[in-house]
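What follows is the content of work-v3.csv, which has CSV, C-alpha atoms and all ligand atoms:
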```csv
chain,number,residue,atom,x,y,z
A,17,MET,CA,-18.0,17.4,22.6
A,18,SER,CA,-18.5,19.4,25.8
A,19,SER,CA,-20.0,16.6,27.9
A,20,PRO,CA,-19.6,12.8,27.7
A,21,ASN,CA,-23.1,12.5,26.2
A,22,ASP,CA,-22.3,14.7,23.2
A,23,LEU,CA,-21.4,12.7,20.2
A,24,PRO,CA,-19.0,14.2,17.7
A,25,GLN,CA,-20.6,15.6,14.6
A,26,THR,CA,-17.3,15.5,12.7
A,27,LEU,CA,-14.3,13.3,13.2
A,28,MET,CA,-11.1,12.9,11.3
A,29,VAL,CA,-9.7,9.5,10.5
A,30,ILE,CA,-6.0,9.6,9.8
A,31,GLY,CA,-4.8,6.6,7.7
A,32,ALA,CA,-6.9,5.3,4.9
A,33,GLY,CA,-5.6,1.7,5.0
A,34,GLN,CA,-7.6,-1.3,6.0
A,35,MET,CA,-8.3,-0.2,9.5
A,36,GLY,CA,-8.7,3.5,8.8
A,37,SER,CA,-11.1,3.0,5.9
A,38,GLY,CA,-13.1,0.5,8.0
A,39,ILE,CA,-13.4,3.0,10.9
A,40,ALA,CA,-14.4,5.8,8.4
A,41,GLN,CA,-17.1,3.6,6.9
A,42,VAL,CA,-18.6,2.6,10.3
A,43,ALA,CA,-18.5,6.2,11.6
A,44,ALA,CA,-20.2,7.5,8.5
A,45,ALA,CA,-22.8,4.8,8.6
A,46,SER,CA,-23.6,6.0,12.2
A,47,GLY,CA,-24.4,9.5,10.9
A,48,ILE,CA,-21.1,11.2,11.7
A,49,THR,CA,-19.3,13.3,9.1
A,50,VAL,CA,-15.8,11.9,8.5
A,51,LEU,CA,-12.8,13.7,7.2
A,52,LEU,CA,-10.5,11.0,5.8
A,53,HIS,CA,-6.8,12.0,5.7
A,54,ASP,CA,-3.7,10.2,4.5
A,55,VAL,CA,-0.2,11.2,3.3
A,56,SER,CA,-1.4,11.5,-0.4
A,57,ALA,CA,-4.5,12.1,-2.4
A,58,SER,CA,-4.0,8.6,-4.0
A,59,SER,CA,-3.9,6.9,-0.6
A,60,ILE,CA,-7.2,8.6,0.3
A,61,GLN,CA,-8.8,7.6,-3.0
A,62,LYS,CA,-7.6,4.0,-2.4
A,63,GLY,CA,-9.3,4.0,0.9
A,64,LEU,CA,-12.5,5.5,-0.5
A,65,ALA,CA,-12.5,2.9,-3.3
A,66,ALA,CA,-12.2,0.1,-0.7
A,67,ILE,CA,-15.2,1.5,1.2
A,68,THR,CA,-17.2,1.9,-2.0
A,69,LYS,CA,-16.4,-1.8,-2.9
A,70,GLN,CA,-17.4,-3.0,0.5
A,71,LEU,CA,-20.7,-1.1,0.4
A,72,SER,CA,-21.5,-2.2,-3.2
A,73,ARG,CA,-21.0,-5.8,-2.0
A,74,SER,CA,-23.7,-5.2,0.6
A,75,VAL,CA,-26.0,-3.7,-2.0
A,76,ASP,CA,-25.5,-6.7,-4.2
A,77,LYS,CA,-26.4,-9.0,-1.3
A,78,GLY,CA,-29.6,-6.9,-0.8
A,79,LYS,CA,-28.4,-5.8,2.7
A,80,LEU,CA,-28.1,-2.1,1.8
A,81,THR,CA,-30.0,0.2,-0.6
A,82,GLU,CA,-28.3,2.3,-3.3
A,83,GLU,CA,-29.6,5.4,-1.5
A,84,ARG,CA,-28.1,4.3,1.9
A,85,LYS,CA,-24.8,3.6,0.2
A,86,ALA,CA,-24.8,7.1,-1.4
A,87,GLU,CA,-25.7,8.6,1.9
A,88,ILE,CA,-22.8,6.9,3.8
A,89,LEU,CA,-20.3,7.8,1.0
A,90,SER,CA,-21.5,11.4,1.0
A,91,ARG,CA,-20.5,11.7,4.7
A,92,ILE,CA,-16.9,10.8,4.0
A,93,GLN,CA,-14.9,13.7,2.8
A,94,PRO,CA,-11.3,13.4,1.5
A,95,ALA,CA,-9.1,15.7,3.5
A,96,GLU,CA,-5.7,16.2,1.9
A,97,GLN,CA,-4.5,18.7,4.5
A,98,LEU,CA,-3.9,17.6,8.1
A,99,GLU,CA,-4.9,21.2,9.1
A,100,GLN,CA,-8.5,20.2,8.3
A,101,ALA,CA,-8.4,18.4,11.7
A,102,ALA,CA,-9.2,21.8,13.2
A,103,GLN,CA,-12.8,21.2,12.1
A,104,ALA,CA,-13.1,17.9,14.0
A,105,GLU,CA,-14.2,17.2,17.5
A,106,LEU,CA,-12.3,14.0,17.7
A,107,VAL,CA,-9.4,12.6,15.7
A,108,ILE,CA,-8.8,8.8,15.3
A,109,GLU,CA,-5.4,7.9,14.0
A,110,ALA,CA,-4.8,4.6,12.3
A,111,VAL,CA,-1.4,5.0,10.8
A,112,THR,CA,1.4,2.5,10.7
A,113,GLU,CA,2.4,1.0,14.0
A,114,GLN,CA,5.5,3.0,14.6
A,115,LEU,CA,5.8,4.9,17.9
A,116,GLU,CA,7.8,7.8,16.4
A,117,LEU,CA,5.4,8.2,13.5
A,118,LYS,CA,2.4,8.3,15.7
A,119,ALA,CA,4.2,10.6,18.2
A,120,SER,CA,5.2,13.1,15.5
A,121,LEU,CA,1.6,13.1,14.1
A,122,LEU,CA,0.2,13.8,17.6
A,123,ARG,CA,2.7,16.7,18.0
A,124,ARG,CA,1.4,18.2,14.7
A,125,LEU,CA,-2.2,17.7,15.8
A,126,GLU,CA,-1.5,19.4,19.1
A,127,GLU,CA,-0.7,22.5,17.1
A,128,ILE,CA,-3.6,22.3,14.8
A,129,CYS,CA,-6.5,21.3,17.0
A,130,PRO,CA,-8.3,23.3,19.7
A,131,PRO,CA,-7.5,22.0,23.2
A,132,GLN,CA,-10.8,20.2,23.8
A,133,VAL,CA,-10.4,17.9,20.8
A,134,ILE,CA,-9.9,14.3,21.7
A,135,PHE,CA,-7.1,12.3,20.2
A,136,ALA,CA,-7.9,8.6,19.9
A,137,SER,CA,-5.3,6.0,18.7
A,138,ASN,CA,-6.2,2.8,17.0
A,139,THR,CA,-2.9,1.4,18.0
A,140,SER,CA,-2.9,-2.4,18.5
A,141,SER,CA,-0.2,-2.4,21.2
A,142,LEU,CA,1.8,0.8,21.5
A,143,PRO,CA,1.6,2.5,24.9
A,144,ILE,CA,-1.2,5.1,25.1
A,145,THR,CA,0.5,6.8,28.1
A,146,GLU,CA,3.7,7.4,26.1
A,147,LEU,CA,1.7,8.7,23.1
A,148,ALA,CA,-0.3,11.0,25.3
A,149,ALA,CA,2.8,12.4,26.9
A,150,VAL,CA,4.0,14.0,23.7
A,151,THR,CA,0.9,16.2,23.6
A,152,GLY,CA,-0.1,19.0,25.9
A,153,ARG,CA,-3.4,17.3,26.6
A,154,PRO,CA,-2.7,13.8,28.0
A,155,SER,CA,-6.1,13.7,29.7
A,156,ARG,CA,-7.7,13.9,26.2
A,157,VAL,CA,-5.7,11.1,24.6
A,158,ILE,CA,-7.2,7.5,24.6
A,159,GLY,CA,-6.9,4.2,22.8
A,160,MET,CA,-9.7,3.1,20.6
A,161,HIS,CA,-8.7,-0.2,19.2
A,162,PHE,CA,-11.0,-1.6,16.5
A,163,MET,CA,-10.7,-5.2,15.1
A,164,ASN,CA,-10.2,-6.2,11.5
A,165,PRO,CA,-12.5,-6.3,9.5
A,166,VAL,CA,-13.9,-3.2,11.2
A,167,PRO,CA,-17.4,-3.3,9.7
A,168,VAL,CA,-17.8,-6.9,10.9
A,169,MET,CA,-16.1,-7.2,14.3
A,170,PRO,CA,-18.2,-5.9,17.2
A,171,LEU,CA,-15.3,-5.2,19.7
A,172,VAL,CA,-13.6,-1.9,20.4
A,173,GLU,CA,-11.0,-2.0,23.2
A,174,VAL,CA,-11.0,1.4,24.9
A,175,ILE,CA,-7.7,1.9,26.5
A,176,ARG,CA,-7.1,4.4,29.3
A,177,GLY,CA,-3.7,6.0,29.5
A,178,LEU,CA,-2.5,7.0,32.9
A,179,GLU,CA,-3.9,10.5,32.6
A,180,THR,CA,-7.0,9.8,30.5
A,181,SER,CA,-10.0,11.7,32.1
A,182,GLN,CA,-13.2,10.0,33.0
A,183,ASP,CA,-15.1,12.4,30.7
A,184,VAL,CA,-13.0,11.4,27.7
A,185,PHE,CA,-13.4,7.7,28.5
A,186,GLU,CA,-17.2,8.1,28.7
A,187,ALA,CA,-17.3,10.1,25.5
A,188,VAL,CA,-15.3,7.5,23.6
A,189,ARG,CA,-17.3,4.6,25.1
A,190,ALA,CA,-20.5,6.4,23.9
A,191,LEU,CA,-19.1,6.9,20.5
A,192,ALA,CA,-18.1,3.3,20.1
A,193,MET,CA,-21.7,2.3,21.1
A,194,HIS,CA,-23.1,4.8,18.7
A,195,MET,CA,-21.0,3.2,15.9
A,196,GLY,CA,-22.7,-0.1,16.7
A,197,LYS,CA,-19.7,-1.6,18.6
A,198,THR,CA,-19.3,-3.0,22.1
A,199,PRO,CA,-16.6,-1.1,24.0
A,200,VAL,CA,-14.5,-3.0,26.5
A,201,GLU,CA,-12.4,-1.1,29.0
A,202,VAL,CA,-8.8,-2.1,29.4
A,203,ASN,CA,-5.7,-0.6,30.9
A,204,ASP,CA,-2.5,0.4,29.2
A,205,PHE,CA,-0.2,-2.6,29.3
A,206,PRO,CA,1.7,-4.1,26.3
A,207,GLY,CA,-0.7,-5.7,23.8
A,208,PHE,CA,-3.7,-4.6,26.0
A,209,VAL,CA,-6.0,-7.6,26.2
A,210,SER,CA,-6.7,-8.6,22.6
A,211,ASN,CA,-3.2,-8.9,21.4
A,212,ARG,CA,-1.7,-10.1,24.7
A,213,ILE,CA,-3.8,-13.3,24.2
A,214,LEU,CA,-4.2,-13.5,20.4
A,215,MET,CA,-0.5,-13.0,19.4
A,216,PRO,CA,1.1,-15.6,21.7
A,217,MET,CA,-1.4,-18.1,20.3
A,218,ILE,CA,-0.4,-17.2,16.7
A,219,ASN,CA,3.2,-17.3,17.7
A,220,GLU,CA,2.8,-20.7,19.2
A,221,ALA,CA,1.1,-21.9,16.0
A,222,VAL,CA,4.2,-20.7,14.1
A,223,TYR,CA,6.5,-22.6,16.5
A,224,THR,CA,4.3,-25.7,15.9
A,225,VAL,CA,5.1,-25.4,12.2
A,226,TYR,CA,8.8,-24.4,12.9
A,227,GLU,CA,9.3,-27.5,15.0
A,228,GLY,CA,7.7,-29.8,12.5
A,229,VAL,CA,4.8,-30.9,14.7
A,230,ALA,CA,2.4,-30.2,11.8
A,231,THR,CA,1.9,-28.4,8.6
A,232,ALA,CA,0.3,-24.9,8.5
A,233,GLU,CA,-2.9,-26.5,7.0
A,234,ALA,CA,-3.0,-29.1,9.8
A,235,VAL,CA,-2.5,-26.5,12.6
A,236,ASP,CA,-5.3,-24.4,11.2
A,237,GLN,CA,-7.6,-27.3,10.8
A,238,VAL,CA,-7.1,-28.3,14.4
A,239,MET,CA,-8.1,-24.9,15.6
A,240,LYS,CA,-11.0,-24.4,13.2
A,241,LEU,CA,-12.6,-27.8,13.6
A,242,GLY,CA,-11.5,-28.5,17.2
A,243,MET,CA,-12.0,-25.1,18.7
A,244,ASN,CA,-14.5,-23.6,16.4
A,245,HIS,CA,-12.3,-20.6,15.4
A,246,PRO,CA,-13.6,-18.9,12.3
A,247,MET,CA,-10.0,-18.8,10.9
A,248,GLY,CA,-7.0,-20.9,11.9
A,249,PRO,CA,-4.2,-19.0,13.6
A,250,LEU,CA,-1.9,-19.0,10.6
A,251,GLU,CA,-4.7,-18.0,8.2
A,252,LEU,CA,-5.5,-15.2,10.6
A,253,ALA,CA,-1.8,-14.2,10.8
A,254,ASP,CA,-1.8,-13.9,7.0
A,255,PHE,CA,-5.0,-11.8,7.2
A,256,ILE,CA,-3.6,-9.4,9.9
A,257,GLY,CA,-0.1,-9.2,8.3
A,258,LEU,CA,2.9,-11.1,9.5
A,259,ASP,CA,4.9,-7.8,10.0
A,260,THR,CA,2.1,-6.6,12.3
A,261,CYS,CA,2.2,-9.9,14.2
A,262,LEU,CA,5.9,-9.8,14.6
A,263,SER,CA,5.9,-6.1,15.7
A,264,ILE,CA,3.3,-6.9,18.3
A,265,MET,CA,5.3,-9.9,19.6
A,266,ASP,CA,8.4,-7.7,19.8
A,267,ILE,CA,6.4,-5.2,21.8
A,268,LEU,CA,5.2,-7.9,24.2
A,269,TYR,CA,8.7,-9.4,24.5
A,270,GLU,CA,10.3,-5.9,25.1
A,271,GLY,CA,7.5,-4.8,27.4
A,272,PHE,CA,7.4,-7.8,29.8
A,273,LYS,CA,11.0,-9.0,29.3
A,274,ASP,CA,9.5,-12.5,29.6
A,275,PRO,CA,10.8,-15.3,27.3
A,276,LYS,CA,7.3,-16.7,26.9
A,277,TYR,CA,6.8,-13.9,24.4
A,278,ARG,CA,9.9,-14.6,22.2
A,279,PRO,CA,8.9,-14.3,18.6
A,280,CYS,CA,9.3,-17.5,16.6
A,281,PRO,CA,12.4,-17.3,14.3
A,282,LEU,CA,10.2,-18.6,11.4
A,283,LEU,CA,7.9,-15.6,11.8
A,284,ARG,CA,10.9,-13.2,11.6
A,285,LYS,CA,12.3,-15.1,8.6
A,286,TYR,CA,9.1,-14.7,6.7
A,287,VAL,CA,8.9,-11.0,7.4
A,288,LYS,CA,12.5,-10.5,6.3
A,289,ALA,CA,11.7,-12.4,3.1
A,290,GLY,CA,8.8,-10.0,2.4
A,291,ARG,CA,6.2,-12.8,2.9
A,292,LEU,CA,3.8,-10.6,4.9
A,293,GLY,CA,0.6,-12.5,4.3
A,294,ARG,CA,-2.4,-11.6,2.1
A,295,LYS,CA,-1.2,-8.1,1.3
A,296,THR,CA,2.0,-9.3,-0.4
A,297,GLY,CA,0.4,-12.4,-2.0
A,298,GLN,CA,2.2,-14.9,0.3
A,299,GLY,CA,2.6,-15.7,3.9
A,300,PHE,CA,1.9,-19.1,5.3
A,301,TYR,CA,-0.4,-19.5,2.3
A,302,ARG,CA,-0.3,-18.2,-1.3
A,303,TYR,CA,-2.9,-15.7,-2.5
A,304,ASP,CA,-3.2,-15.4,-6.3
B,1,LIG,N1,-14.5,-6.1,5.3
B,1,LIG,C1,-15.8,-5.9,5.5
B,1,LIG,N2,-16.7,-7.0,5.6
B,1,LIG,C2,-16.2,-8.2,5.4
B,1,LIG,C3,-14.8,-8.4,5.2
B,1,LIG,C4,-14.0,-7.3,5.1
B,1,LIG,N3,-12.7,-7.4,4.9
B,1,LIG,N4,-14.6,-9.8,5.1
B,1,LIG,C5,-15.8,-10.3,5.3
B,1,LIG,N5,-16.8,-9.4,5.5
B,1,LIG,C6,-18.2,-9.6,5.7
B,1,LIG,C7,-18.8,-10.3,4.6
B,1,LIG,O1,-19.3,-9.3,3.6
B,1,LIG,C8,-20.0,-11.0,5.2
B,1,LIG,O2,-21.0,-10.1,5.5
B,1,LIG,P1,-22.6,-10.5,5.5
B,1,LIG,O3,-22.7,-11.5,6.6
B,1,LIG,O4,-23.3,-9.2,5.7
B,1,LIG,O5,-22.8,-11.1,4.1
B,1,LIG,C9,-19.4,-11.4,6.6
B,1,LIG,O6,-18.3,-10.6,6.8
B,1,LIG,C10,-19.0,-12.9,6.6
B,1,LIG,O7,-18.0,-13.0,5.6
B,1,LIG,P2,-17.9,-14.3,4.7
B,1,LIG,O8,-19.2,-15.0,4.6
B,1,LIG,O9,-17.2,-13.9,3.4
B,1,LIG,O10,-16.7,-15.1,5.4
B,1,LIG,P3,-16.6,-15.7,6.8
B,1,LIG,O11,-17.9,-16.2,7.3
B,1,LIG,O12,-15.5,-16.6,6.7
B,1,LIG,O13,-16.2,-14.5,7.7
B,1,LIG,C11,-14.6,-13.2,8.8
B,1,LIG,C12,-15.1,-13.7,7.5
B,1,LIG,C13,-15.6,-12.3,9.4
B,1,LIG,C14,-13.3,-12.4,8.5
B,1,LIG,C15,-14.3,-14.4,9.7
B,1,LIG,O14,-13.4,-15.3,9.0
B,1,LIG,C16,-13.6,-14.0,11.0
B,1,LIG,O15,-14.3,-13.6,12.0
B,1,LIG,N6,-12.3,-14.2,11.1
B,1,LIG,C17,-11.5,-13.8,12.3
B,1,LIG,C18,-11.3,-12.3,12.3
B,1,LIG,C19,-10.5,-11.9,13.5
B,1,LIG,O16,-10.2,-12.7,14.3
B,1,LIG,N7,-10.3,-10.6,13.5
B,1,LIG,C20,-9.5,-10.0,14.6
B,1,LIG,C21,-8.1,-9.9,14.1
B,1,LIG,S1,-7.0,-9.2,15.3
B,1,LIG,C22,-7.2,-7.6,15.2
B,1,LIG,O17,-7.8,-7.0,14.3
B,1,LIG,C23,-6.5,-6.8,16.2
B,1,LIG,C24,-5.1,-6.5,15.9
B,1,LIG,O18,-4.7,-5.5,16.5
B,1,LIG,C25,-4.2,-7.2,15.1
```
Here is the file; what I need is its structure written in the form of structure tokens.
Amino acid sequence: MSSPNDLPQTLMVIGAGQMGSGIAQVAAASGITVLLHDVSASSIQKGLAAITKQLSRSVDKGKLTEERKAEILSRIQPAEQLEQAAQAELVIEAVTEQLELKASLLRRLEEICPPQVIFASNTSSLPITELAAVTGRPSRVIGMHFMNPVPVMPLVEVIRGLETSQDVFEAVRALAMHMGKTPVEVNDFPGFVSNRILMPMINEAVYTVYEGVATAEAVDQVMKLGMNHPMGPLELADFIGLDTCLSIMDILYEGFKDPKYRPCPLLRKYVKAGRLGRKTGQGFYRYD
């Protein structure tokens, strides 16, 4: 990618979980070759299986042909070695939301990838500027925050770190559009825009249950029927993962030092109990 108008032919997605596999699917569907990496071969296979299932569902609905499904899948290559990132023009990381984990990954990528390679992070709230600072190429580090479920949601927040160059910003914006998404530019502040607004709403919904104002079902009904939200805030919290919601609230609280971002004790209690939402079978609701 020598100029902002060049799209990457090959990108690596690191992390084959819900977000990473969604990003890989959408990139491959847009014609880009994707190297899908995770810590183990079985994690990569799990991600590939989720993508295959998702595409098969679209075939069953008559929205995709078998040929097109095969074509998309053929563009996603399992990459067991991180060193394969050397073949990519852009790397998108979608690993667990831990600053040190992402920082150490970026330090390794710095050694592997040629200097022109762009490092994009799908972080939902960690500071891009701080992540960029651990590399020798802060001007080529940027936030590319997709929404869940990635194949469905049109938004990508494109987050400029303090040093992100205009070229890199333009290249990532063009990539997001090529992937069929609408990029929205935001600056690097805790929670960016999406989670600065969404998470306090979810947190307030948890307080509403905590204080006995209404049941979880009633809170969700109010927001769905009264505000036309596709999911109620507590159903959405279960979908995102209560651990993720709590960690983003903690980042907002820490980042702004403002009590309005105080995570609800009930949210913390559920996370401590292992009730993390859909992925563990129980959150505000049960999933059998
Ligand atoms: N992966 C891929 N596609 C999915 C999907 C998934 N997990 N879940 C649903 N879909 C697809 C379905 O296949 C269906 O596609 P077609 O229209 O082509 O048939 C379409 O989405 C609609 O799905 P359903 O009819 O099954 O259900 P629905 O109408 O209730 O929609 C939903 C499901 C799109 C998830 C909708 O409930 C919704 O928009 N919910 C809110 C999602 C949201 O707010 N996401 C942002 C979370 S915050 C975030 O991601 C940022 C962060 O940092 C935490």
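Closest approach to Ala65 (chain A) among A:Ala230, A:Met160, A:Leu89, A:Met35: A:Leu89, based on all atoms listed in the file.
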message = Residues contacting ligand LIG 1 (chain B) - anything with an atom at most 8 Å away, using all atoms listed in the file - can you give me those as a ChimeraX atom specification?
response = /A:38,70,73-74,77,79,139-141,161-169,210-211,214,245-247,252,255-256,260-261
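As for CA of Gly248 (chain A) and CA of Tyr226 (chain A), they are spaced 16.2 Å apart.
Candidate residues A:Leu80, A:Thr26, A:Gln132, A:Ser72 were compared for distance to Ile92 (chain A), and the nearest is A:Thr26, using all atoms listed in the file.
The residue that comes closest to Ser46 (chain A), out of A:Gly159, A:Gly196, A:Pro94, A:Pro143 and on the basis of all atoms listed in the file, is A:Gly196.
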